[in-house]
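**Q** Mind having a look at this structure? Questions to follow.
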Amino acid sequence: DNPDDVRSLSLYVKKVTSIPGFLIHSNPAQAEKQVASAKAFITALREKAQRDSTKKQIDGLIANSFSRLERSIESGKKVLALIGTDAPSLDGQTEAWVNGEAITDADLKGKVVLLDFWAVWCKPCIATFPDLREWNEKYADKGLVMIGITDYHNYKWNEANGRAIRSRVKVSPADEQAMIEKFCKKHKLQHRMVFQSGRDLSSSYAVTVIPHVVVIDRE
């Protein structure tokens with residue numbers, strides 16, 4: 001009724017942008033319809049708004065909230081398309097293995113493989129560690145191979161408080177690899193970690209947010 005009611009606009013956008021989150025990976029086509037409908041509604045609302053500040057807010061919502069959802073939906077489509085296909089290769093897309101020996105695609109034949117895309121600064125990633133430890137303990141000797149995949153984020157190990165911290169100066173790859181070793185030891189993680197080479201691996205597995213987990217079956 002009042003296009004310039006900023007509070008109602010914010011509540012509406014909060015509601016409609018939270019709904020597709022449940023659909024993005026299960027039914028991205030339906031999520032896409034919901035987002036398109038909501039985007040069309042607030043675009044029309046913009047034409048009715050009287051205040052420039054309201055129009056500016058709507059422009060920001062379209063450029064940020066809705067664009068972010070649209071990118072996630074495209075990722076969701078790609079994830080669904082991967083199901084049942086041959087897994088993209090790890091060979092040639094990894095730079096440095098830590099917390100275990102390097103392995104190749106050939107080493108993984110006949111195994112159940114869990115790829116965990118994560119980062120040391122990611123609290124939701126760290127929250128999964130109890131599950132990862134449990135699964136590794138229960139299933140490693142039954143053919144499960146878990147691999148944590150990460151990137152360089154310029155973190156170093158702080159010996160004083162025993163944790164990883166972002167460095168103000170450039171951290172060498174070797175030092176960041178050593179940091180991950182200590183990080184794994186602190187969190188009692190037994191599975192291998194690998195630094196990916198570039199972003200091709202993340203792109204191949206449609207990673208847009210982390211944690212992002214991929215399961216590859218024995219076939």
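Residues are referred to by chain and number: the chain letter is A, B, ... according to the order shown in the structure tokens, the number counts from 1 in that chain, and ligands are numbered separately from 1 in the order shown.
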Got a sec to tell me which of segment 43-180 of chain A DSSP assigns to strand (DSSP E), as a compact mmCIF listing (two decimals) with N, CA, C and O atoms, in the first residue's frame?
**A**
# COMPACT_ATOMS: atom_id res chain seq x y z
N THR A 94 45.65 -29.82 -8.06
CA THR A 94 46.07 -29.66 -6.66
C THR A 94 47.52 -29.21 -6.62
O THR A 94 48.32 -29.55 -7.50
N GLU A 95 47.85 -28.44 -5.59
CA GLU A 95 49.20 -27.89 -5.50
C GLU A 95 50.03 -28.54 -4.40
O GLU A 95 51.18 -28.90 -4.63
N ALA A 96 49.47 -28.65 -3.20
CA ALA A 96 50.25 -29.16 -2.07
C ALA A 96 49.36 -29.95 -1.12
O ALA A 96 48.30 -29.47 -0.71
N TRP A 97 49.79 -31.18 -0.78
CA TRP A 97 49.06 -32.02 0.15
C TRP A 97 49.67 -31.89 1.54
O TRP A 97 50.89 -31.85 1.69
N VAL A 98 48.82 -31.82 2.54
CA VAL A 98 49.29 -31.77 3.93
C VAL A 98 48.44 -32.71 4.76
O VAL A 98 47.36 -33.15 4.35
N VAL A 112 34.94 -44.78 -1.65
CA VAL A 112 33.94 -43.72 -1.47
C VAL A 112 34.71 -42.49 -1.04
O VAL A 112 35.47 -42.52 -0.07
N VAL A 113 34.57 -41.42 -1.80
CA VAL A 113 35.38 -40.22 -1.56
C VAL A 113 34.49 -39.07 -1.10
O VAL A 113 33.45 -38.79 -1.70
N LEU A 114 34.90 -38.43 -0.02
CA LEU A 114 34.21 -37.23 0.47
C LEU A 114 35.15 -36.05 0.31
O LEU A 114 36.22 -36.02 0.91
N LEU A 115 34.76 -35.10 -0.53
CA LEU A 115 35.53 -33.86 -0.71
C LEU A 115 34.88 -32.77 0.12
O LEU A 115 33.69 -32.49 -0.01
N ASP A 116 35.67 -32.15 0.97
CA ASP A 116 35.17 -31.09 1.85
C ASP A 116 35.87 -29.79 1.51
O ASP A 116 37.04 -29.60 1.83
N PHE A 117 35.16 -28.88 0.84
CA PHE A 117 35.72 -27.56 0.52
C PHE A 117 35.54 -26.66 1.74
O PHE A 117 34.41 -26.45 2.20
N LEU A 144 36.31 -45.42 2.94
CA LEU A 144 36.05 -43.99 2.82
C LEU A 144 37.36 -43.21 2.81
O LEU A 144 38.21 -43.40 3.69
N VAL A 145 37.50 -42.32 1.83
CA VAL A 145 38.66 -41.42 1.78
C VAL A 145 38.12 -39.99 1.85
O VAL A 145 37.36 -39.56 0.98
N MET A 146 38.51 -39.27 2.90
CA MET A 146 38.09 -37.89 3.07
C MET A 146 39.22 -36.96 2.69
O MET A 146 40.36 -37.17 3.09
N ILE A 147 38.90 -35.93 1.92
CA ILE A 147 39.90 -34.95 1.48
C ILE A 147 39.36 -33.55 1.72
O ILE A 147 38.31 -33.18 1.19
N GLY A 148 40.07 -32.78 2.52
CA GLY A 148 39.72 -31.39 2.73
C GLY A 148 40.40 -30.53 1.67
O GLY A 148 41.62 -30.64 1.48
N ILE A 149 39.64 -29.70 0.97
CA ILE A 149 40.19 -28.88 -0.11
C ILE A 149 40.09 -27.41 0.29
O ILE A 149 39.01 -26.92 0.63
N THR A 150 41.21 -26.72 0.25
CA THR A 150 41.23 -25.33 0.68
C THR A 150 42.10 -24.49 -0.24
O THR A 150 42.66 -24.98 -1.23
N TYR A 155 47.06 -16.91 6.11
CA TYR A 155 46.97 -17.17 7.55
C TYR A 155 48.27 -17.80 8.04
O TYR A 155 48.94 -18.53 7.30
N LYS A 156 48.59 -17.51 9.28
CA LYS A 156 49.75 -18.12 9.92
C LYS A 156 49.33 -18.69 11.27
O LYS A 156 48.24 -18.40 11.77
N TRP A 157 50.21 -19.50 11.86
CA TRP A 157 49.91 -20.11 13.15
C TRP A 157 50.47 -19.26 14.28
O TRP A 157 51.63 -18.89 14.27
N ASN A 158 49.61 -18.92 15.22
CA ASN A 158 50.02 -18.16 16.39
C ASN A 158 50.34 -19.14 17.52
O ASN A 158 49.44 -19.74 18.10
N ARG A 163 46.34 -20.92 17.62
CA ARG A 163 45.29 -20.84 16.61
C ARG A 163 45.81 -20.13 15.36
O ARG A 163 46.85 -19.47 15.38
N ALA A 164 45.04 -20.29 14.28
CA ALA A 164 45.39 -19.65 13.02
C ALA A 164 44.89 -18.22 13.03
O ALA A 164 43.77 -17.95 13.45
N ILE A 165 45.73 -17.29 12.55
CA ILE A 165 45.33 -15.89 12.49
C ILE A 165 45.73 -15.32 11.13
O ILE A 165 46.70 -15.75 10.51
N ARG A 166 44.97 -14.32 10.67
CA ARG A 166 45.32 -13.67 9.42
C ARG A 166 46.56 -12.80 9.62
O ARG A 166 46.69 -12.08 10.61
**Q** Could you tell me, as a PyMOL selection string, which residues of segment 15-184 of chain A DSSP assigns to alpha helix (DSSP H) when given the backbone?
**A** chain A and resi 15-18+28-48+52-61+67-82+123-127+129-139+173-184
**Q** What's around Leu82 of chain A at 12 Å? Count only C-alpha atoms, leave out sequence neighbours fewer than 3 positions away in its own chain, and write the answer as a list in words.
**A**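 Selected residues are His25, Ser75, Gly76, Lys77, Lys78, Val79, Thr85, Asp86, Ala87, Pro88, Ser203, Ser204, Tyr205, Ala206, Val207, Val214, Val215 and Ile216 of chain A.
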**Q** So, counting only C-alpha atoms, which residue among A:Pro211, A:Cys122, A:Asn99, A:Asn154 is closest to Lys188 of chain A?
**A**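 That would be A:Asn99, the residue with the smallest distance to Lys188 of chain A.
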**Q** Of the candidates A:Leu61, A:Leu132, A:Val13, A:Ile83, which one gets nearest to His191 of chain A if we count only C-alpha atoms?
**A**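 Using only C-alpha atoms, the shortest distance to His191 of chain A belongs to A:Leu132.
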**Q** Out of A:Pro20, A:Gly143, A:Gly162, A:Pro28, which residue has the shortest atom-to-atom distance to Asp107 of chain A when counting only C-alpha atoms?
**A**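 For Asp107 of chain A, the nearest of the given residues is A:Gly143.
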